[in-house]
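Engineer: To be precise about what I am sending: the file is called model-v1.cif and holds mmCIF, N, CA and C atoms.
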```cif
data_my_file
#
loop_
_atom_site.label_atom_id
_atom_site.label_comp_id
_atom_site.auth_asym_id
_atom_site.auth_seq_id
_atom_site.Cartn_x
_atom_site.Cartn_y
_atom_site.Cartn_z
N MET Q 1 9.39 -2.77 1.73
CA MET Q 1 8.52 -2.99 2.87
C MET Q 1 7.14 -2.49 2.51
N LYS Q 2 6.12 -3.14 3.07
CA LYS Q 2 4.75 -2.76 2.77
C LYS Q 2 4.23 -1.76 3.81
N ILE Q 3 3.53 -0.75 3.29
CA ILE Q 3 2.93 0.28 4.13
C ILE Q 3 1.43 0.30 3.83
N ALA Q 4 0.60 0.28 4.87
CA ALA Q 4 -0.85 0.35 4.71
C ALA Q 4 -1.32 1.77 5.01
N PHE Q 5 -2.14 2.31 4.12
CA PHE Q 5 -2.67 3.66 4.29
C PHE Q 5 -4.19 3.60 4.44
N ALA Q 6 -4.72 4.30 5.44
CA ALA Q 6 -6.16 4.42 5.65
C ALA Q 6 -6.65 5.53 4.74
N SER Q 7 -7.24 5.13 3.61
CA SER Q 7 -7.61 6.11 2.58
C SER Q 7 -8.86 5.65 1.84
N THR Q 8 -9.74 6.59 1.56
CA THR Q 8 -10.93 6.28 0.77
C THR Q 8 -10.70 6.51 -0.72
N ASP Q 9 -9.72 7.34 -1.06
CA ASP Q 9 -9.53 7.69 -2.46
C ASP Q 9 -8.21 7.20 -3.07
N GLY Q 10 -7.35 6.59 -2.24
CA GLY Q 10 -6.07 6.09 -2.74
C GLY Q 10 -5.01 7.16 -2.92
N LYS Q 11 -5.36 8.39 -2.62
CA LYS Q 11 -4.42 9.50 -2.79
C LYS Q 11 -4.10 10.21 -1.48
N THR Q 12 -5.05 10.17 -0.55
CA THR Q 12 -4.94 10.93 0.69
C THR Q 12 -5.16 10.03 1.89
N ILE Q 13 -4.34 10.21 2.92
CA ILE Q 13 -4.60 9.55 4.20
C ILE Q 13 -5.73 10.36 4.82
N ASN Q 14 -6.93 9.78 4.86
CA ASN Q 14 -8.09 10.57 5.26
C ASN Q 14 -9.06 9.84 6.19
N GLN Q 15 -8.57 8.79 6.86
CA GLN Q 15 -9.44 8.07 7.79
C GLN Q 15 -8.70 7.68 9.06
N ARG Q 16 -9.51 7.56 10.11
CA ARG Q 16 -9.01 6.96 11.35
C ARG Q 16 -8.92 5.45 11.10
N PHE Q 17 -8.06 4.77 11.81
CA PHE Q 17 -7.93 3.32 11.66
C PHE Q 17 -9.28 2.63 11.88
N ALA Q 18 -10.00 3.03 12.91
CA ALA Q 18 -11.26 2.38 13.28
C ALA Q 18 -12.38 2.61 12.26
N ASP Q 19 -12.23 3.58 11.37
CA ASP Q 19 -13.24 3.87 10.37
C ASP Q 19 -12.91 3.28 9.00
N THR Q 20 -11.76 2.64 8.89
CA THR Q 20 -11.27 2.18 7.60
C THR Q 20 -11.79 0.79 7.27
N ASP Q 21 -12.39 0.68 6.09
CA ASP Q 21 -12.80 -0.64 5.58
C ASP Q 21 -11.82 -1.14 4.53
N ASP Q 22 -11.17 -0.23 3.82
CA ASP Q 22 -10.22 -0.60 2.76
C ASP Q 22 -8.90 0.12 2.98
N PHE Q 23 -7.83 -0.65 2.99
CA PHE Q 23 -6.49 -0.09 3.13
C PHE Q 23 -5.81 -0.11 1.77
N LYS Q 24 -5.09 0.94 1.45
CA LYS Q 24 -4.27 1.00 0.24
C LYS Q 24 -2.86 0.61 0.65
N ILE Q 25 -2.34 -0.45 0.05
CA ILE Q 25 -1.03 -0.98 0.41
C ILE Q 25 -0.02 -0.55 -0.66
N TRP Q 26 1.09 0.01 -0.18
CA TRP Q 26 2.18 0.39 -1.06
C TRP Q 26 3.42 -0.44 -0.70
N GLU Q 27 4.23 -0.73 -1.67
CA GLU Q 27 5.53 -1.36 -1.48
C GLU Q 27 6.56 -0.24 -1.63
N ILE Q 28 7.37 -0.04 -0.59
CA ILE Q 28 8.30 1.08 -0.57
C ILE Q 28 9.72 0.59 -0.29
N GLY Q 29 10.65 1.10 -1.06
CA GLY Q 29 12.07 0.85 -0.84
C GLY Q 29 12.80 2.18 -0.93
N PRO Q 30 14.11 2.19 -0.71
CA PRO Q 30 14.86 3.44 -0.73
C PRO Q 30 14.76 4.19 -2.06
N ASP Q 31 14.68 3.45 -3.16
CA ASP Q 31 14.72 4.09 -4.48
C ASP Q 31 13.48 3.87 -5.33
N GLN Q 32 12.49 3.14 -4.80
CA GLN Q 32 11.28 2.92 -5.56
C GLN Q 32 10.08 2.82 -4.62
N ALA Q 33 8.92 3.13 -5.16
CA ALA Q 33 7.67 3.01 -4.41
C ALA Q 33 6.54 2.84 -5.41
N ALA Q 34 5.61 1.95 -5.08
CA ALA Q 34 4.48 1.73 -5.99
C ALA Q 34 3.29 1.20 -5.21
N PHE Q 35 2.11 1.52 -5.72
CA PHE Q 35 0.89 0.95 -5.18
C PHE Q 35 0.98 -0.56 -5.38
N TYR Q 36 0.63 -1.31 -4.34
CA TYR Q 36 0.74 -2.77 -4.37
C TYR Q 36 -0.63 -3.42 -4.53
N CYS Q 37 -1.58 -3.06 -3.65
CA CYS Q 37 -2.92 -3.63 -3.71
C CYS Q 37 -3.85 -2.90 -2.75
N GLU Q 38 -5.11 -3.25 -2.81
CA GLU Q 38 -6.10 -2.75 -1.85
C GLU Q 38 -6.58 -3.93 -1.03
N ARG Q 39 -6.69 -3.73 0.27
CA ARG Q 39 -7.15 -4.79 1.15
C ARG Q 39 -8.41 -4.36 1.86
N THR Q 40 -9.40 -5.22 1.84
CA THR Q 40 -10.65 -4.96 2.54
C THR Q 40 -10.64 -5.71 3.86
N ALA Q 41 -10.98 -5.00 4.91
CA ALA Q 41 -11.12 -5.61 6.22
C ALA Q 41 -12.60 -5.93 6.40
N ILE Q 42 -12.92 -7.19 6.61
CA ILE Q 42 -14.31 -7.58 6.77
C ILE Q 42 -14.78 -7.08 8.13
N THR Q 43 -15.64 -6.08 8.09
CA THR Q 43 -16.07 -5.42 9.33
C THR Q 43 -17.58 -5.43 9.49
N THR Q 44 -18.22 -6.51 9.09
CA THR Q 44 -19.68 -6.59 9.21
C THR Q 44 -20.11 -6.94 10.63
N ASN Q 45 -19.19 -7.39 11.43
CA ASN Q 45 -19.51 -7.75 12.81
C ASN Q 45 -19.80 -6.47 13.60
N PRO Q 46 -20.92 -6.43 14.33
CA PRO Q 46 -21.25 -5.21 15.08
C PRO Q 46 -20.37 -4.97 16.31
N ILE Q 47 -19.59 -5.96 16.70
CA ILE Q 47 -18.72 -5.81 17.87
C ILE Q 47 -17.44 -5.09 17.44
N LYS Q 48 -17.20 -3.91 18.01
CA LYS Q 48 -16.08 -3.07 17.61
C LYS Q 48 -14.74 -3.79 17.68
N GLU Q 49 -14.51 -4.54 18.74
CA GLU Q 49 -13.24 -5.23 18.89
C GLU Q 49 -13.02 -6.24 17.78
N GLU Q 50 -14.08 -6.90 17.34
CA GLU Q 50 -13.97 -7.85 16.22
C GLU Q 50 -13.60 -7.11 14.93
N CYS Q 51 -14.15 -5.93 14.75
CA CYS Q 51 -13.83 -5.12 13.57
C CYS Q 51 -12.37 -4.70 13.60
N ASP Q 52 -11.87 -4.28 14.75
CA ASP Q 52 -10.47 -3.88 14.88
C ASP Q 52 -9.54 -5.06 14.62
N THR Q 53 -9.94 -6.24 15.06
CA THR Q 53 -9.15 -7.45 14.82
C THR Q 53 -9.09 -7.73 13.32
N ALA Q 54 -10.22 -7.58 12.63
CA ALA Q 54 -10.25 -7.79 11.17
C ALA Q 54 -9.36 -6.78 10.46
N ARG Q 55 -9.40 -5.53 10.90
CA ARG Q 55 -8.55 -4.51 10.29
C ARG Q 55 -7.07 -4.83 10.49
N ALA Q 56 -6.71 -5.17 11.72
CA ALA Q 56 -5.31 -5.49 12.02
C ALA Q 56 -4.85 -6.71 11.23
N SER Q 57 -5.70 -7.71 11.08
CA SER Q 57 -5.35 -8.90 10.31
C SER Q 57 -5.16 -8.58 8.83
N ALA Q 58 -5.95 -7.65 8.32
CA ALA Q 58 -5.85 -7.27 6.90
C ALA Q 58 -4.51 -6.65 6.56
N VAL Q 59 -3.87 -6.03 7.53
CA VAL Q 59 -2.58 -5.36 7.30
C VAL Q 59 -1.44 -6.02 8.07
N ALA Q 60 -1.63 -7.28 8.43
CA ALA Q 60 -0.67 -7.99 9.28
C ALA Q 60 0.73 -8.10 8.67
N ASP Q 61 0.83 -8.10 7.35
CA ASP Q 61 2.15 -8.22 6.72
C ASP Q 61 2.79 -6.86 6.40
N CYS Q 62 2.16 -5.80 6.86
CA CYS Q 62 2.69 -4.45 6.62
C CYS Q 62 3.60 -4.03 7.78
N SER Q 63 4.66 -3.33 7.46
CA SER Q 63 5.60 -2.83 8.48
C SER Q 63 5.08 -1.58 9.17
N ILE Q 64 4.32 -0.77 8.42
CA ILE Q 64 3.79 0.48 8.94
C ILE Q 64 2.32 0.59 8.54
N VAL Q 65 1.50 1.05 9.45
CA VAL Q 65 0.10 1.36 9.18
C VAL Q 65 -0.06 2.85 9.44
N CYS Q 66 -0.56 3.55 8.45
CA CYS Q 66 -0.66 5.01 8.53
C CYS Q 66 -2.12 5.45 8.46
N SER Q 67 -2.55 6.21 9.47
CA SER Q 67 -3.92 6.73 9.51
C SER Q 67 -3.91 8.08 10.22
N ILE Q 68 -5.06 8.76 10.15
CA ILE Q 68 -5.17 10.05 10.83
C ILE Q 68 -5.03 9.87 12.34
N ASP Q 69 -5.63 8.80 12.85
CA ASP Q 69 -5.62 8.56 14.30
C ASP Q 69 -5.90 7.10 14.56
N ILE Q 70 -5.62 6.65 15.77
CA ILE Q 70 -5.88 5.27 16.15
C ILE Q 70 -6.10 5.22 17.66
N GLY Q 71 -7.01 4.37 18.09
CA GLY Q 71 -7.26 4.18 19.51
C GLY Q 71 -6.25 3.23 20.14
N THR Q 72 -6.19 3.23 21.44
CA THR Q 72 -5.21 2.42 22.18
C THR Q 72 -5.38 0.93 21.92
N LYS Q 73 -6.60 0.43 21.95
CA LYS Q 73 -6.83 -1.01 21.72
C LYS Q 73 -6.47 -1.41 20.29
N SER Q 74 -6.81 -0.55 19.34
CA SER Q 74 -6.46 -0.83 17.94
C SER Q 74 -4.94 -0.82 17.77
N LEU Q 75 -4.29 0.12 18.40
CA LEU Q 75 -2.84 0.21 18.33
C LEU Q 75 -2.19 -1.07 18.87
N ALA Q 76 -2.73 -1.58 19.96
CA ALA Q 76 -2.20 -2.83 20.53
C ALA Q 76 -2.30 -3.99 19.53
N LYS Q 77 -3.37 -4.01 18.76
CA LYS Q 77 -3.54 -5.07 17.77
C LYS Q 77 -2.54 -4.94 16.63
N ILE Q 78 -2.24 -3.71 16.24
CA ILE Q 78 -1.24 -3.47 15.20
C ILE Q 78 0.15 -3.89 15.70
N VAL Q 79 0.48 -3.47 16.90
CA VAL Q 79 1.79 -3.79 17.49
C VAL Q 79 1.95 -5.30 17.66
N ALA Q 80 0.86 -5.99 17.97
CA ALA Q 80 0.92 -7.45 18.11
C ALA Q 80 1.33 -8.13 16.81
N HIS Q 81 1.12 -7.45 15.68
CA HIS Q 81 1.55 -7.97 14.37
C HIS Q 81 2.93 -7.42 13.99
N ASN Q 82 3.64 -6.85 14.96
CA ASN Q 82 4.98 -6.30 14.76
C ASN Q 82 5.01 -5.14 13.77
N ALA Q 83 3.95 -4.36 13.75
CA ALA Q 83 3.90 -3.19 12.87
C ALA Q 83 4.02 -1.91 13.70
N PHE Q 84 4.39 -0.86 13.03
CA PHE Q 84 4.52 0.45 13.63
C PHE Q 84 3.36 1.29 13.10
N HIS Q 85 2.76 2.12 13.95
CA HIS Q 85 1.69 3.00 13.49
C HIS Q 85 2.22 4.41 13.32
N LEU Q 86 1.86 5.02 12.20
CA LEU Q 86 2.22 6.40 11.92
C LEU Q 86 0.93 7.21 11.90
N LYS Q 87 0.79 8.10 12.87
CA LYS Q 87 -0.40 8.96 13.00
C LYS Q 87 -0.12 10.30 12.36
N THR Q 88 -0.96 10.68 11.38
CA THR Q 88 -0.74 11.95 10.71
C THR Q 88 -1.44 13.10 11.45
N GLY Q 89 -2.54 12.82 12.14
CA GLY Q 89 -3.27 13.85 12.87
C GLY Q 89 -4.18 14.69 11.99
N THR Q 90 -3.95 14.67 10.69
CA THR Q 90 -4.75 15.42 9.73
C THR Q 90 -4.64 14.73 8.38
N GLU Q 91 -5.52 15.12 7.45
CA GLU Q 91 -5.42 14.56 6.10
C GLU Q 91 -4.10 14.96 5.48
N MET Q 92 -3.52 14.02 4.73
CA MET Q 92 -2.21 14.25 4.15
C MET Q 92 -2.07 13.38 2.89
N PRO Q 93 -1.42 13.87 1.85
CA PRO Q 93 -1.22 13.05 0.65
C PRO Q 93 -0.35 11.82 0.95
N ILE Q 94 -0.75 10.68 0.42
CA ILE Q 94 0.02 9.45 0.59
C ILE Q 94 1.44 9.65 0.07
N THR Q 95 1.56 10.31 -1.08
CA THR Q 95 2.89 10.50 -1.69
C THR Q 95 3.84 11.29 -0.78
N GLU Q 96 3.30 12.18 0.02
CA GLU Q 96 4.15 12.95 0.94
C GLU Q 96 4.78 12.03 1.99
N ILE Q 97 3.99 11.12 2.54
CA ILE Q 97 4.52 10.16 3.52
C ILE Q 97 5.50 9.21 2.84
N VAL Q 98 5.17 8.74 1.64
CA VAL Q 98 6.05 7.85 0.90
C VAL Q 98 7.42 8.51 0.70
N GLU Q 99 7.43 9.76 0.27
CA GLU Q 99 8.69 10.47 0.05
C GLU Q 99 9.49 10.63 1.35
N LYS Q 100 8.80 10.92 2.45
CA LYS Q 100 9.50 11.06 3.73
C LYS Q 100 10.10 9.73 4.17
N LEU Q 101 9.35 8.65 4.01
CA LEU Q 101 9.87 7.33 4.39
C LEU Q 101 11.05 6.93 3.51
N GLN Q 102 10.98 7.23 2.23
CA GLN Q 102 12.10 6.94 1.35
C GLN Q 102 13.35 7.72 1.76
N GLY Q 103 13.16 8.96 2.19
CA GLY Q 103 14.29 9.76 2.67
C GLY Q 103 14.96 9.11 3.88
N VAL Q 104 14.15 8.59 4.77
CA VAL Q 104 14.68 7.89 5.95
C VAL Q 104 15.42 6.63 5.52
N LEU Q 105 14.83 5.88 4.60
CA LEU Q 105 15.46 4.64 4.13
C LEU Q 105 16.78 4.90 3.41
N GLN Q 106 16.92 6.04 2.75
CA GLN Q 106 18.14 6.38 2.03
C GLN Q 106 19.25 6.83 2.98
N GLY Q 107 18.88 7.23 4.18
CA GLY Q 107 19.86 7.67 5.17
C GLY Q 107 20.18 6.55 6.14
N SER Q 108 20.02 6.83 7.41
CA SER Q 108 20.26 5.84 8.46
C SER Q 108 18.93 5.51 9.12
N PRO Q 109 18.26 4.45 8.64
CA PRO Q 109 16.96 4.10 9.22
C PRO Q 109 17.10 3.68 10.68
N PRO Q 110 16.07 3.94 11.48
CA PRO Q 110 16.09 3.48 12.86
C PRO Q 110 16.08 1.95 12.90
N PRO Q 111 16.47 1.35 14.02
CA PRO Q 111 16.58 -0.11 14.12
C PRO Q 111 15.31 -0.86 13.72
N TRP Q 112 14.14 -0.36 14.13
CA TRP Q 112 12.90 -1.08 13.78
C TRP Q 112 12.67 -1.09 12.27
N MET Q 113 13.10 -0.03 11.59
CA MET Q 113 12.92 0.04 10.15
C MET Q 113 13.93 -0.86 9.44
N LYS Q 114 15.14 -0.92 9.96
CA LYS Q 114 16.14 -1.84 9.41
C LYS Q 114 15.62 -3.27 9.49
N LYS Q 115 15.03 -3.60 10.61
CA LYS Q 115 14.48 -4.95 10.79
C LYS Q 115 13.36 -5.21 9.78
N ALA Q 116 12.49 -4.23 9.60
CA ALA Q 116 11.38 -4.38 8.65
C ALA Q 116 11.89 -4.56 7.22
N MET Q 117 13.01 -3.93 6.90
CA MET Q 117 13.60 -4.02 5.57
C MET Q 117 14.50 -5.24 5.41
N GLY Q 118 14.74 -5.97 6.49
CA GLY Q 118 15.60 -7.14 6.42
C GLY Q 118 17.07 -6.78 6.36
N MET Q 119 17.43 -5.64 6.93
CA MET Q 119 18.82 -5.18 6.91
C MET Q 119 19.50 -5.53 8.23
N GLN Q 120 20.73 -6.05 8.14
CA GLN Q 120 21.49 -6.36 9.34
C GLN Q 120 22.16 -5.10 9.88
N SER Q 121 22.69 -4.32 8.99
CA SER Q 121 23.30 -3.04 9.35
C SER Q 121 23.16 -2.12 8.15
N VAL Q 122 23.49 -0.88 8.32
CA VAL Q 122 23.32 0.09 7.23
C VAL Q 122 24.08 -0.40 6.00
N GLY Q 123 23.36 -0.52 4.87
CA GLY Q 123 23.97 -0.92 3.63
C GLY Q 123 24.19 -2.41 3.46
N THR Q 124 23.80 -3.23 4.43
CA THR Q 124 24.02 -4.66 4.35
C THR Q 124 22.67 -5.37 4.33
N GLU Q 125 22.43 -6.13 3.29
CA GLU Q 125 21.20 -6.89 3.17
C GLU Q 125 21.32 -8.19 3.95
N ALA Q 126 20.25 -8.57 4.62
CA ALA Q 126 20.21 -9.87 5.29
C ALA Q 126 19.89 -10.92 4.24
N GLY Q 127 20.31 -12.11 4.49
CA GLY Q 127 19.88 -13.07 3.51
C GLY Q 127 20.62 -14.30 3.52
#
```
Since I need it in another form, could you write the structure as structure tokens?

Structural biologist:
Amino acid sequence: MKIAFASTDGKTINQRFADTDDFKIWEIGPDQAAFYCERTAITTNPIKEECDTARASAVADCSIVCSIDIGTKSLAKIVAHNAFHLKTGTEMPITEIVEKLQGVLQGSPPPWMKKAMGMQSVGTEAG
């Protein structure tokens, strides 16, 4: 599953969703994780809502969007793309979140995460 991180350096979650121009996308599974790509959200429009729409569209294929914080309207745009937002509240290493998510995936993931991974039930791949 793809996870988008609001990060300026590719190592630390260090931005609010509304301040992010570039998202670092990782591909994460129970036993592997790797940097996938960087996505730029075109945010030259001075209208804030248009910028938030561009950001949400840039990460539309991600299951989780992780940032320090997010506003209510921005969150609604993420949820409209069937993504979950993970708020760290403070700067945090990307690898720390990746390891925590992998731990959840190796155990009993919650239903929304099973759906994101394409799993019908624990240990059963959809397909």

Engineer: Enumerate, as a short mmCIF file (atom, residue, chain, number, x, y, z; two decimals) with N, CA and C atoms, in the frame of the given file, the residues matched when the PyMOL selection byres (((chain Q and resi 15 and name CA) around 6) and name CA) is run on the file above.

Structural biologist:
```
data_model
loop_
_atom_site.label_atom_id
_atom_site.label_comp_id
_atom_site.auth_asym_id
_atom_site.auth_seq_id
_atom_site.Cartn_x
_atom_site.Cartn_y
_atom_site.Cartn_z
N ALA Q 6 -4.72 4.30 5.44
CA ALA Q 6 -6.16 4.42 5.65
C ALA Q 6 -6.65 5.53 4.74
N SER Q 7 -7.24 5.13 3.61
CA SER Q 7 -7.61 6.11 2.58
C SER Q 7 -8.86 5.65 1.84
N ASN Q 14 -6.93 9.78 4.86
CA ASN Q 14 -8.09 10.57 5.26
C ASN Q 14 -9.06 9.84 6.19
N ARG Q 16 -9.51 7.56 10.11
CA ARG Q 16 -9.01 6.96 11.35
C ARG Q 16 -8.92 5.45 11.10
N SER Q 67 -2.55 6.21 9.47
CA SER Q 67 -3.92 6.73 9.51
C SER Q 67 -3.91 8.08 10.22
N ILE Q 68 -5.06 8.76 10.15
CA ILE Q 68 -5.17 10.05 10.83
C ILE Q 68 -5.03 9.87 12.34
#
```

Engineer: Give me the result of the PyMOL selection byres (((chain Q and resi 1 and name CA) around 6) and name CA) on this file, residue by residue, as a list in words.

Structural biologist: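 Given this file, the PyMOL selection byres (((chain Q and resi 1 and name CA) around 6) and name CA) evaluates to Lys2, Glu27, Ile28 and Met117 of chain Q.
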
Engineer: Give the strand (DSSP E) residues of chain Q, as DSSP finds them on the backbone, and put them as a VMD selection string.

Structural biologist: chain Q and resid 2 to 6 12 to 13 22 to 28 33 to 40 64 to 67 84 to 87 92 to 93 119 to 121 124 to 125

Engineer: Box for segment 37-41 of chain Q: with edges along x, y and z, all listed atoms inside and 5 Å added on each side, what are the centre and edge lengths in Å to one decimal, as JSON?

Structural biologist:
```
{"center_x": -7.1, "center_y": -4.3, "center_z": 1.3, "size_x": 21.0, "size_y": 13.2, "size_z": 20.1}
```

Engineer: Do you know which residues the PyMOL selection byres ((chain Q and resi 58) around 8) returns on this file, as a ChimeraX atom specification?

Structural biologist: /Q:23,39-42,52-57,59-62

Engineer: Go ahead and dump the residues you just picked, N, CA and C atoms, as a short mmCIF file (atom, residue, chain, number, x, y, z; two decimals), in the frame of the given file.

Structural biologist:
```cif
data_model
loop_
_atom_site.label_atom_id
_atom_site.label_comp_id
_atom_site.auth_asym_id
_atom_site.auth_seq_id
_atom_site.Cartn_x
_atom_site.Cartn_y
_atom_site.Cartn_z
N PHE Q 23 -7.83 -0.65 2.99
CA PHE Q 23 -6.49 -0.09 3.13
C PHE Q 23 -5.81 -0.11 1.77
N ARG Q 39 -6.69 -3.73 0.27
CA ARG Q 39 -7.15 -4.79 1.15
C ARG Q 39 -8.41 -4.36 1.86
N THR Q 40 -9.40 -5.22 1.84
CA THR Q 40 -10.65 -4.96 2.54
C THR Q 40 -10.64 -5.71 3.86
N ALA Q 41 -10.98 -5.00 4.91
CA ALA Q 41 -11.12 -5.61 6.22
C ALA Q 41 -12.60 -5.93 6.40
N ILE Q 42 -12.92 -7.19 6.61
CA ILE Q 42 -14.31 -7.58 6.77
C ILE Q 42 -14.78 -7.08 8.13
N ASP Q 52 -11.87 -4.28 14.75
CA ASP Q 52 -10.47 -3.88 14.88
C ASP Q 52 -9.54 -5.06 14.62
N THR Q 53 -9.94 -6.24 15.06
CA THR Q 53 -9.15 -7.45 14.82
C THR Q 53 -9.09 -7.73 13.32
N ALA Q 54 -10.22 -7.58 12.63
CA ALA Q 54 -10.25 -7.79 11.17
C ALA Q 54 -9.36 -6.78 10.46
N ARG Q 55 -9.40 -5.53 10.90
CA ARG Q 55 -8.55 -4.51 10.29
C ARG Q 55 -7.07 -4.83 10.49
N ALA Q 56 -6.71 -5.17 11.72
CA ALA Q 56 -5.31 -5.49 12.02
C ALA Q 56 -4.85 -6.71 11.23
N SER Q 57 -5.70 -7.71 11.08
CA SER Q 57 -5.35 -8.90 10.31
C SER Q 57 -5.16 -8.58 8.83
N VAL Q 59 -3.87 -6.03 7.53
CA VAL Q 59 -2.58 -5.36 7.30
C VAL Q 59 -1.44 -6.02 8.07
N ALA Q 60 -1.63 -7.28 8.43
CA ALA Q 60 -0.67 -7.99 9.28
C ALA Q 60 0.73 -8.10 8.67
N ASP Q 61 0.83 -8.10 7.35
CA ASP Q 61 2.15 -8.22 6.72
C ASP Q 61 2.79 -6.86 6.40
N CYS Q 62 2.16 -5.80 6.86
CA CYS Q 62 2.69 -4.45 6.62
C CYS Q 62 3.60 -4.03 7.78
#
```

Engineer: Which of chain Q end up as helix (DSSP H, G or I) when DSSP is run on this backbone - answer as a compact mmCIF listing (two decimals) with N, CA and C atoms, in the coordinates of the input?

Structural biologist:
```txt
# COMPACT_ATOMS: atom_id res chain seq x y z
N PHE Q 17 -8.06 4.77 11.81
CA PHE Q 17 -7.93 3.32 11.66
C PHE Q 17 -9.28 2.63 11.88
N ALA Q 18 -10.00 3.03 12.91
CA ALA Q 18 -11.26 2.38 13.28
C ALA Q 18 -12.38 2.61 12.26
N ASP Q 19 -12.23 3.58 11.37
CA ASP Q 19 -13.24 3.87 10.37
C ASP Q 19 -12.91 3.28 9.00
N LYS Q 48 -17.20 -3.91 18.01
CA LYS Q 48 -16.08 -3.07 17.61
C LYS Q 48 -14.74 -3.79 17.68
N GLU Q 49 -14.51 -4.54 18.74
CA GLU Q 49 -13.24 -5.23 18.89
C GLU Q 49 -13.02 -6.24 17.78
N GLU Q 50 -14.08 -6.90 17.34
CA GLU Q 50 -13.97 -7.85 16.22
C GLU Q 50 -13.60 -7.11 14.93
N CYS Q 51 -14.15 -5.93 14.75
CA CYS Q 51 -13.83 -5.12 13.57
C CYS Q 51 -12.37 -4.70 13.60
N ASP Q 52 -11.87 -4.28 14.75
CA ASP Q 52 -10.47 -3.88 14.88
C ASP Q 52 -9.54 -5.06 14.62
N THR Q 53 -9.94 -6.24 15.06
CA THR Q 53 -9.15 -7.45 14.82
C THR Q 53 -9.09 -7.73 13.32
N ALA Q 54 -10.22 -7.58 12.63
CA ALA Q 54 -10.25 -7.79 11.17
C ALA Q 54 -9.36 -6.78 10.46
N ARG Q 55 -9.40 -5.53 10.90
CA ARG Q 55 -8.55 -4.51 10.29
C ARG Q 55 -7.07 -4.83 10.49
N ALA Q 56 -6.71 -5.17 11.72
CA ALA Q 56 -5.31 -5.49 12.02
C ALA Q 56 -4.85 -6.71 11.23
N SER Q 57 -5.70 -7.71 11.08
CA SER Q 57 -5.35 -8.90 10.31
C SER Q 57 -5.16 -8.58 8.83
N ALA Q 58 -5.95 -7.65 8.32
CA ALA Q 58 -5.85 -7.27 6.90
C ALA Q 58 -4.51 -6.65 6.56
N THR Q 72 -6.19 3.23 21.44
CA THR Q 72 -5.21 2.42 22.18
C THR Q 72 -5.38 0.93 21.92
N LYS Q 73 -6.60 0.43 21.95
CA LYS Q 73 -6.83 -1.01 21.72
C LYS Q 73 -6.47 -1.41 20.29
N SER Q 74 -6.81 -0.55 19.34
CA SER Q 74 -6.46 -0.83 17.94
C SER Q 74 -4.94 -0.82 17.77
N LEU Q 75 -4.29 0.12 18.40
CA LEU Q 75 -2.84 0.21 18.33
C LEU Q 75 -2.19 -1.07 18.87
N ALA Q 76 -2.73 -1.58 19.96
CA ALA Q 76 -2.20 -2.83 20.53
C ALA Q 76 -2.30 -3.99 19.53
N LYS Q 77 -3.37 -4.01 18.76
CA LYS Q 77 -3.54 -5.07 17.77
C LYS Q 77 -2.54 -4.94 16.63
N ILE Q 78 -2.24 -3.71 16.24
CA ILE Q 78 -1.24 -3.47 15.20
C ILE Q 78 0.15 -3.89 15.70
N VAL Q 79 0.48 -3.47 16.90
CA VAL Q 79 1.79 -3.79 17.49
C VAL Q 79 1.95 -5.30 17.66
N ALA Q 80 0.86 -5.99 17.97
CA ALA Q 80 0.92 -7.45 18.11
C ALA Q 80 1.33 -8.13 16.81
N ILE Q 94 -0.75 10.68 0.42
CA ILE Q 94 0.02 9.45 0.59
C ILE Q 94 1.44 9.65 0.07
N THR Q 95 1.56 10.31 -1.08
CA THR Q 95 2.89 10.50 -1.69
C THR Q 95 3.84 11.29 -0.78
N GLU Q 96 3.30 12.18 0.02
CA GLU Q 96 4.15 12.95 0.94
C GLU Q 96 4.78 12.03 1.99
N ILE Q 97 3.99 11.12 2.54
CA ILE Q 97 4.52 10.16 3.52
C ILE Q 97 5.50 9.21 2.84
N VAL Q 98 5.17 8.74 1.64
CA VAL Q 98 6.05 7.85 0.90
C VAL Q 98 7.42 8.51 0.70
N GLU Q 99 7.43 9.76 0.27
CA GLU Q 99 8.69 10.47 0.05
C GLU Q 99 9.49 10.63 1.35
N LYS Q 100 8.80 10.92 2.45
CA LYS Q 100 9.50 11.06 3.73
C LYS Q 100 10.10 9.73 4.17
N LEU Q 101 9.35 8.65 4.01
CA LEU Q 101 9.87 7.33 4.39
C LEU Q 101 11.05 6.93 3.51
N GLN Q 102 10.98 7.23 2.23
CA GLN Q 102 12.10 6.94 1.35
C GLN Q 102 13.35 7.72 1.76
N GLY Q 103 13.16 8.96 2.19
CA GLY Q 103 14.29 9.76 2.67
C GLY Q 103 14.96 9.11 3.88
N VAL Q 104 14.15 8.59 4.77
CA VAL Q 104 14.68 7.89 5.95
C VAL Q 104 15.42 6.63 5.52
N LEU Q 105 14.83 5.88 4.60
CA LEU Q 105 15.46 4.64 4.13
C LEU Q 105 16.78 4.90 3.41
N GLN Q 106 16.92 6.04 2.75
CA GLN Q 106 18.14 6.38 2.03
C GLN Q 106 19.25 6.83 2.98
N PRO Q 111 16.47 1.35 14.02
CA PRO Q 111 16.58 -0.11 14.12
C PRO Q 111 15.31 -0.86 13.72
N TRP Q 112 14.14 -0.36 14.13
CA TRP Q 112 12.90 -1.08 13.78
C TRP Q 112 12.67 -1.09 12.27
N MET Q 113 13.10 -0.03 11.59
CA MET Q 113 12.92 0.04 10.15
C MET Q 113 13.93 -0.86 9.44
N LYS Q 114 15.14 -0.92 9.96
CA LYS Q 114 16.14 -1.84 9.41
C LYS Q 114 15.62 -3.27 9.49
N LYS Q 115 15.03 -3.60 10.61
CA LYS Q 115 14.48 -4.95 10.79
C LYS Q 115 13.36 -5.21 9.78
N ALA Q 116 12.49 -4.23 9.60
CA ALA Q 116 11.38 -4.38 8.65
C ALA Q 116 11.89 -4.56 7.22
N MET Q 117 13.01 -3.93 6.90
CA MET Q 117 13.60 -4.02 5.57
C MET Q 117 14.50 -5.24 5.41
```

Engineer: Tell me, as a PyMOL selection string, which residues lie within 6 Å of His85 of chain Q, counting all atoms listed in the file; anything in the same chain fewer than 6 positions away does not count.

Structural biologist: chain Q and resi 64-66

Engineer: With only N, CA and C atoms as the counted atoms, please give the residues lying no more than 7 Å from Lys11 of chain Q, apart from itself and same-chain residues fewer than 3 positions off, as a ChimeraX atom specification.

Structural biologist: /Q:7-8,14,92-95
